[in-house]
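*Asks:* Structure file work_14.txt (compact mmCIF, C-alpha atoms) right here:
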# COMPACT_ATOMS: atom_id res chain seq x y z
CA MET A 1223 0.00 0.00 0.00
CA SER A 1224 1.11 3.56 -0.66
CA ALA A 1225 1.40 6.34 1.90
CA PRO A 1226 -1.92 7.35 3.50
CA TRP A 1227 -2.16 10.35 1.20
CA ASP A 1228 0.07 12.16 -1.23
CA SER A 1229 1.80 15.38 -0.24
CA ARG A 1230 0.62 18.55 -1.94
CA PRO A 1231 1.93 22.13 -1.67
CA ALA A 1232 -1.58 23.48 -1.05
CA ARG A 1233 -4.55 21.74 0.52
CA VAL A 1234 -8.04 22.25 -0.86
CA THR A 1235 -10.68 22.34 1.86
CA VAL A 1236 -13.92 20.36 1.60
CA PRO A 1237 -17.24 21.68 3.02
CA ALA A 1238 -18.55 19.63 5.95
CA ASN A 1239 -21.94 19.07 4.31
CA GLN A 1240 -20.28 17.72 1.15
CA PHE A 1241 -18.07 15.35 3.15
CA ALA A 1242 -21.12 14.11 5.08
CA ALA A 1243 -23.03 13.57 1.82
CA LEU A 1244 -20.16 11.48 0.43
CA CYS A 1245 -20.18 9.32 3.57
CA ARG A 1246 -23.90 8.59 2.97
CA SER A 1247 -23.51 7.74 -0.72
CA SER A 1248 -21.75 4.38 -0.90
CA PRO A 1249 -24.88 2.20 -1.48
CA TRP A 1250 -25.66 4.18 -4.67
CA LEU A 1251 -22.15 4.62 -6.08
CA TRP A 1252 -21.19 1.03 -6.91
CA ASP A 1253 -22.57 -2.49 -7.28
CA THR A 1254 -19.40 -4.63 -7.34
CA LEU A 1255 -16.03 -3.98 -5.76
CA GLN A 1256 -12.68 -5.77 -5.68
CA PHE A 1257 -10.31 -4.63 -2.94
CA SER A 1258 -7.49 -5.60 -0.60
CA LEU A 1259 -7.91 -4.86 3.12
CA TYR A 1260 -5.31 -4.44 5.86
CA TRP A 1261 -6.29 -4.04 9.53
CA MET A 1262 -3.60 -2.05 11.35
CA GLU A 1263 -2.47 -2.00 14.97
CA ARG A 1264 -0.26 0.59 16.63
CA ASP A 1265 2.87 1.67 14.75
CA ASP A 1266 1.25 0.56 11.45
CA GLN A 1267 1.72 -3.11 12.29
CA PRO A 1268 -0.78 -5.57 10.73
CA ALA A 1269 -3.45 -6.69 13.22
CA ALA A 1270 -4.70 -9.59 11.09
CA LEU A 1271 -4.00 -11.43 7.87
CA PRO A 1272 -4.58 -9.06 4.93
CA VAL A 1273 -7.23 -10.27 2.51
CA ARG A 1274 -8.50 -9.69 -1.02
CA ALA A 1275 -12.25 -9.58 -1.53
CA TRP A 1276 -14.83 -9.50 -4.33
CA LEU A 1277 -18.20 -8.08 -3.27
CA ARG A 1278 -21.39 -7.99 -5.31
CA ARG A 1279 -24.25 -6.18 -3.68
CA PRO A 1280 -26.49 -7.01 -1.99
CA THR A 1281 -25.50 -10.52 -0.86
CA ASP A 1282 -22.43 -12.00 -2.57
CA LEU A 1283 -18.88 -12.07 -1.22
CA ARG A 1284 -15.64 -13.94 -1.85
CA VAL A 1285 -12.56 -13.54 0.38
CA GLU A 1286 -9.06 -14.89 -0.27
CA THR A 1287 -5.59 -14.42 1.12
CA LEU A 1288 -3.33 -12.22 -0.96
CA GLN A 1289 -1.74 -15.47 -2.20
CA GLY A 1290 -5.09 -16.73 -3.55
CA LYS A 1291 -6.20 -19.19 -0.86
CA LEU A 1292 -9.98 -19.17 -0.47
CA LEU A 1293 -11.13 -18.15 3.02
CA TYR A 1294 -14.86 -17.48 2.67
CA THR A 1295 -17.77 -17.28 0.23
CA ALA A 1296 -21.32 -16.07 0.76
CA THR A 1297 -24.21 -15.83 -1.71
CA SER A 1298 -27.99 -15.95 -1.96
CA LEU A 1299 -27.87 -17.76 -5.32
CA GLU A 1300 -28.45 -21.16 -3.68
CA LYS A 1301 -31.18 -19.95 -1.30
CA SER A 1302 -34.87 -19.39 -1.89
CA ARG A 1303 -37.98 -18.11 -0.12
CA ASP A 1304 -41.00 -20.22 -1.03
CA ASP A 1305 -44.71 -19.50 -0.53
CA PHE A 1306 -44.50 -20.46 3.14
CA TYR A 1307 -41.74 -18.03 4.00
CA VAL A 1308 -42.73 -15.82 6.94
CA ALA A 1309 -40.64 -12.81 7.95
CA ALA A 1310 -39.68 -12.57 11.60
CA THR A 1311 -39.84 -8.77 11.54
CA PRO A 1312 -41.03 -6.10 9.09
CA LYS A 1313 -37.37 -5.23 8.50
CA SER A 1314 -36.99 -8.52 6.61
CA TRP A 1315 -39.03 -7.03 3.79
CA LEU A 1316 -37.09 -3.81 3.34
CA LEU A 1317 -35.75 -3.26 -0.18
CA PRO A 1318 -32.03 -3.09 -0.98
CA PRO A 1319 -30.72 0.49 -1.19
CA ALA A 1320 -30.29 0.22 -4.97
CA LEU A 1321 -34.07 -0.13 -5.32
CA VAL A 1322 -34.98 3.00 -3.36
CA THR A 1323 -34.23 6.62 -4.17
CA PRO A 1324 -32.49 8.96 -1.71
CA VAL A 1325 -32.53 12.75 -1.69
CA TYR A 1326 -29.50 13.95 -3.66
CA THR A 1327 -27.40 17.10 -3.50
CA ASP A 1328 -26.74 19.18 -6.62
CA GLU A 1329 -23.40 17.35 -6.90
CA GLY A 1330 -25.09 13.93 -7.05
CA LEU A 1331 -24.25 12.83 -3.51
CA VAL A 1332 -26.77 11.64 -0.93
CA TRP A 1333 -28.29 14.34 1.28
CA ARG A 1334 -30.82 12.10 3.05
CA ARG A 1335 -31.02 8.30 3.07
CA PRO A 1336 -34.39 6.48 2.99
CA GLU A 1337 -35.25 3.41 5.04
CA ALA A 1338 -33.77 0.35 3.33
CA ALA A 1339 -32.04 -2.98 3.97
CA TYR A 1340 -28.57 -1.55 4.53
CA GLY A 1341 -25.54 -3.73 5.18
CA ASP A 1342 -23.08 -5.56 2.95
CA PRO A 1343 -22.02 -9.20 3.31
CA MET A 1344 -19.02 -9.17 5.63
CA PHE A 1345 -16.05 -11.25 6.70
CA GLY A 1346 -14.59 -11.22 10.20
CA GLY A 1347 -17.09 -8.75 11.67
CA GLY A 1348 -15.68 -5.67 13.34
CA ARG A 1349 -15.54 -2.47 11.31
CA TRP A 1350 -16.10 -4.16 7.91
CA GLN A 1351 -19.54 -2.60 7.39
CA ALA A 1352 -18.44 0.91 8.37
CA VAL A 1353 -15.43 0.72 6.06
CA LEU A 1354 -17.64 -0.06 3.03
CA ASP A 1355 -20.38 2.39 4.07
CA PRO A 1356 -19.12 5.01 6.59
CA VAL A 1357 -22.52 6.61 7.22
CA GLU A 1358 -22.14 6.06 10.98
CA CYS A 1359 -19.69 8.97 11.08
CA VAL A 1360 -22.28 11.50 9.86
CA GLY A 1361 -25.75 9.99 10.28
CA PRO A 1362 -28.35 9.21 7.58
CA ALA A 1363 -29.58 12.82 7.27
CA PRO A 1364 -28.29 16.33 8.03
CA ILE A 1365 -28.89 17.80 11.49
CA PRO A 1366 -30.25 21.36 11.79
CA ASN A 1367 -27.67 23.94 12.81
CA ASN A 1368 -29.64 24.74 15.96
CA LEU A 1369 -29.35 21.12 17.18
CA PRO A 1370 -25.60 20.41 17.01
CA GLU A 1371 -25.77 18.10 20.03
CA GLN A 1372 -27.66 15.57 17.89
CA ARG A 1373 -24.83 15.13 15.41
CA PRO A 1374 -23.05 11.76 15.73
CA SER A 1375 -19.63 13.38 15.37
CA ASN A 1376 -17.82 16.64 14.86
CA LEU A 1377 -15.86 16.85 11.59
CA THR A 1378 -12.69 18.93 11.37
CA ASP A 1379 -9.76 19.51 8.98
CA MET A 1380 -11.57 18.36 5.84
CA VAL A 1381 -9.33 18.48 2.78
CA GLU A 1382 -8.80 16.82 -0.60
CA GLY A 1383 -6.02 14.28 -1.05
CA ARG A 1384 -4.99 11.07 -2.80
CA PHE A 1385 -4.68 7.52 -1.48
CA ALA A 1386 -3.31 4.62 -3.57
CA ASN A 1387 -3.56 6.82 -6.70
CA ARG A 1388 -7.24 7.61 -6.11
CA LYS A 1389 -8.88 10.89 -5.12
CA VAL A 1390 -10.09 11.01 -1.51
CA TRP A 1391 -11.55 13.46 0.97
CA LEU A 1392 -9.98 13.42 4.41
CA ALA A 1393 -11.42 14.51 7.75
CA THR A 1394 -10.90 14.04 11.47
CA VAL A 1395 -13.97 12.44 13.06
CA ASN A 1396 -14.57 13.30 16.72
CA PRO A 1397 -17.41 11.01 17.94
CA ARG A 1398 -20.10 12.44 20.20
CA THR A 1399 -22.71 10.86 22.48
CA ARG A 1400 -25.05 10.36 19.47
CA TYR A 1401 -22.49 8.26 17.58
CA ARG A 1402 -24.10 4.91 16.72
CA PRO A 1403 -21.74 2.44 15.02
CA PHE A 1404 -23.15 -0.24 12.71
CA THR A 1405 -21.39 -2.84 14.87
CA PRO A 1406 -21.68 -1.57 18.48
CA GLU A 1407 -18.49 -3.21 19.73
CA HIS A 1408 -16.39 -2.06 16.76
CA PRO A 1409 -16.92 1.60 15.80
CA LEU A 1410 -14.97 3.02 12.89
CA ALA A 1411 -14.10 5.98 15.13
CA PRO A 1412 -13.75 4.86 18.79
CA GLY A 1413 -12.03 8.19 19.46
CA PRO A 1414 -10.71 11.09 17.40
CA THR A 1415 -9.96 9.35 14.09
CA ARG A 1416 -8.47 10.48 10.79
CA ILE A 1417 -10.31 8.93 7.86
CA ALA A 1418 -10.06 9.10 4.06
CA VAL A 1419 -13.14 8.45 1.92
CA ASP A 1420 -12.79 7.57 -1.78
CA THR A 1421 -14.73 10.18 -3.76
CA ALA A 1422 -15.82 7.76 -6.52
CA THR A 1423 -17.20 5.00 -4.29
CA GLY A 1424 -17.87 6.50 -0.84
CA VAL A 1425 -15.75 3.73 0.72
CA CYS A 1426 -13.53 4.59 3.69
CA VAL A 1427 -10.10 3.57 2.39
CA TYR A 1428 -8.05 4.70 5.40
CA SER A 1429 -8.53 5.22 9.12
CA LYS A 1430 -6.26 5.81 12.10
CA VAL A 1431 -7.35 6.50 15.66
CA LEU A 1432 -5.46 9.54 16.89
CA ASP A 1433 -6.07 9.46 20.64
CA GLY A 1434 -7.44 7.35 23.47
CA PRO A 1435 -7.04 3.66 24.37
CA PHE A 1436 -7.28 2.60 20.71
CA ALA A 1437 -4.76 5.14 19.38
CA GLY A 1438 -2.87 3.84 16.35
CA GLN A 1439 -5.48 1.31 15.27
CA GLY A 1440 -7.13 1.56 11.86
CA HIS A 1441 -7.13 0.10 8.38
CA LYS A 1442 -5.95 0.54 4.79
CA LEU A 1443 -8.08 -0.52 1.84
CA GLY A 1444 -6.85 -0.68 -1.75
CA ILE A 1445 -9.57 -0.49 -4.41
CA GLU A 1446 -8.61 -2.72 -7.34
CA ALA A 1447 -11.76 -2.70 -9.50
CA VAL A 1448 -15.18 -1.04 -9.42
CA ASP A 1449 -18.33 -2.39 -11.11
CA ASP A 1450 -16.55 -5.16 -12.99
CA TYR A 1451 -18.75 -7.98 -14.27
CA LEU A 1452 -18.45 -10.89 -11.81
CA LEU A 1453 -19.48 -14.44 -12.69
CA ASP A 1454 -21.76 -16.39 -10.34
CA ASP A 1455 -19.05 -19.07 -10.11
CA LEU A 1456 -16.94 -16.70 -8.05
CA PHE A 1457 -19.37 -16.86 -5.12
CA THR A 1458 -20.47 -20.50 -5.15
CA ASP A 1459 -19.01 -23.93 -4.54
CA MET A 1460 -20.68 -25.13 -7.74
CA ASP A 1461 -19.13 -24.52 -11.16
CA PHE A 1462 -21.85 -23.47 -13.60
CA ASN A 1463 -19.41 -23.46 -16.56
CA LEU A 1464 -20.66 -20.06 -17.61
CA THR A 1465 -19.00 -17.91 -20.25
CA ASP A 1466 -17.64 -14.54 -19.17
CA VAL A 1467 -19.48 -12.25 -21.60
CA SER A 1468 -17.01 -9.45 -20.88
CA ASP A 1469 -14.28 -11.45 -22.65
CA HIS A 1470 -14.02 -11.51 -26.44
CA VAL A 1471 -14.82 -14.92 -27.92
CA PRO A 1472 -12.56 -15.55 -30.99
CA TRP A 1473 -14.22 -16.77 -34.16
CA PRO A 1474 -11.47 -18.18 -36.44
CA ILE A 1475 -12.21 -18.23 -40.17
CA PRO A 1476 -10.41 -21.01 -42.14
CA LEU A 1477 -8.45 -19.86 -45.18
CA GLY A 1478 -9.20 -21.31 -48.60
Mind turning this structure into structure tokens?

*Replies:*
Amino acid sequence: MSAPWDSRPARVTVPANQFAALCRSSPWLWDTLQFSLYWMERDDQPAALPVRAWLRRPTDLRVETLQGKLLYTATSLEKSRDDFYVAATPKSWLLPPALVTPVYTDEGLVWRRPEAAYGDPMFGGGRWQAVLDPVECVGPAPIPNNLPEQRPSNLTDMVEGRFANRKVWLATVNPRTRYRPFTPEHPLAPGPTRIAVDTATGVCVYSKVLDGPFAGQGHKLGIEAVDDYLLDDLFTDMDFNLTDVSDHVPWPIPLG
């Protein structure tokens, strides 16, 4: 992985409302993602085995070691809900985010998120969900200026930058009492935390806790492909012998 962000002679500031909108936008910015993920301990030491993952929203995931050993697959392709399926709660019938429409800003980012079945398939628990969709840092909708105590965090030092040759927006997240992490035991920002959010995908590609008992912990995520066509075979134990339609099929013509 490259340095957290590239050095620049002048830093361009980012408005807080734009940064918050980017953090809400991930579910509508991509459908498939290939990435490598490194969990970091203090002094930038790896906290766990780095992995490479292929994710296809809303349910499909494949995880390997960087050397190609399969660790995990998850998919809904081999599951079904027949006529006798009964939902345990109304939440079971919420639509995926891609099938509902949020309120957008003029720049095409998400100003207010609707109720939907949020959450990506994950591996290893922890901060996985918040890394792919960092909405917990800003909340699903803007908070009126006269109610600042209801904001989940205070954002400071928001600037443009680059991480792993991709454009990012950086900010320091200072969690407040209203901060509600997706996974309660594993917040993305357990204390003042510097994060970088990829502007094309809304994915949090870098984090580092700056202070407190978890100081030095964080992650680095390298985006390798966005919205590539992924075969069903990638996510199942069964080989369907399907043809990758994204590859050119040669058609040789005999001479004479």

*Asks:* Which distance in Å separates atom CA of Ala1422 of chain A and atom CA of Ala1296 of chain A, to one decimal?

*Replies:*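 Spanning atom CA of Ala1422 of chain A to atom CA of Ala1296 of chain A is a straight-line distance of 25.5 Å.
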
*Asks:* Write out as a list in words the residues lying within 12 Å of Thr1405 of chain A, counting all atoms listed in the file and excluding same-chain residues fewer than 2 positions away.

*Replies:*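 Listing them by chain and then by number gives Gly1341, Met1344, Gly1346, Gly1347, Gly1348, Arg1349, Trp1350, Gln1351, Ala1352, Val1353, Pro1356, Glu1358, Tyr1401, Arg1402, Pro1403, Glu1407, His1408, Pro1409, Leu1410, Ala1411 and Pro1412 of chain A.
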
*Asks:* Between A:Met1262, A:Leu1288, A:Leu1277, A:Leu1244, which has the minimum distance to Leu1456 of chain A (counting only C-alpha atoms)?

*Replies:* A:Leu1277

*Asks:* Check the smallest atom-to-atom distance from each of A:Gly1330, A:Pro1324, A:Pro1280, A:Pro1414 to Leu1255 of chain A using all atoms listed in the file, then report the winner.

*Replies:* A:Pro1280

*Asks:* Which is closest to Leu1392 of chain A among A:Glu1263, A:Asp1454, A:Glu1371, A:Asp1420, if we use all atoms listed in the file?

*Replies:* A:Asp1420

*Asks:* Counting only C-alpha atoms, select every polymer residue within 10 Å of (-20.7, 9.2, 2.8) as defined in the file's coordinates, and provide the selection as a list in words.

*Replies:*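 The distance filter leaves exactly Gln1240, Phe1241, Ala1242, Ala1243, Leu1244, Cys1245, Arg1246, Ser1247, Ser1248, Pro1249, Leu1331, Val1332, Trp1333, Leu1354, Asp1355, Pro1356, Val1357, Glu1358, Cys1359, Val1360, Gly1361, Pro1362, Val1419, Asp1420, Thr1421, Thr1423, Gly1424, Val1425 and Cys1426 of chain A.
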
*Asks:* With all atoms listed in the file as the basis for distance, which of A:Asn1239, A:Asn1367, A:Thr1297, A:Gln1256 is at the shortest distance from Leu1443 of chain A?

*Replies:*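 With all atoms listed in the file as the atom set, the closest residue is A:Gln1256.
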
*Asks:* To one decimal place, how far is atom CA of His1441 of chain A from atom CA of Asn1396 of chain A in Å?

*Replies:*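 Atom CA of His1441 of chain A sits 17.3 Å away from atom CA of Asn1396 of chain A.
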
*Asks:* Need the shell around Tyr1428 of chain A: protein/DNA/RNA residues with any atom at most 6 Å away, counting only C-alpha atoms. Skip same-chain ones fewer than 4 positions apart. Format as a ChimeraX atom specification?

*Replies:* /A:1417-1418,1441-1442

*Asks:* Please indicate the distance in Å from atom CA of Thr1415 of chain A to atom CA of Val1395 of chain A, rounded to one decimal place.

*Replies:*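 Going from atom CA of Thr1415 of chain A over to atom CA of Val1395 of chain A covers 5.2 Å.
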
*Asks:* Tell me which of A:Phe1404, A:Arg1416, A:Pro1343, A:Tyr1451 sits closest to Leu1377 of chain A, counting only C-alpha atoms.

*Replies:*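 Of A:Phe1404, A:Arg1416, A:Pro1343, A:Tyr1451, the one nearest Leu1377 of chain A is A:Arg1416, counting only C-alpha atoms.
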
*Asks:* Which residue out of A:Trp1276, A:Phe1436, A:Trp1250, A:Phe1257 has the minimum interatomic distance to Leu1452 of chain A when all atoms listed in the file are used?

*Replies:*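 Under the stated criterion, the closest residue is A:Trp1276.
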
*Asks:* Fewer than 3 positions away in the same chain doesn't count, so skip those; otherwise give me all residues within 7 Å of Pro1319 of chain A, counting only C-alpha atoms, as number ranges by chain.

*Replies:* A: 1249, 1322, 1338-1340
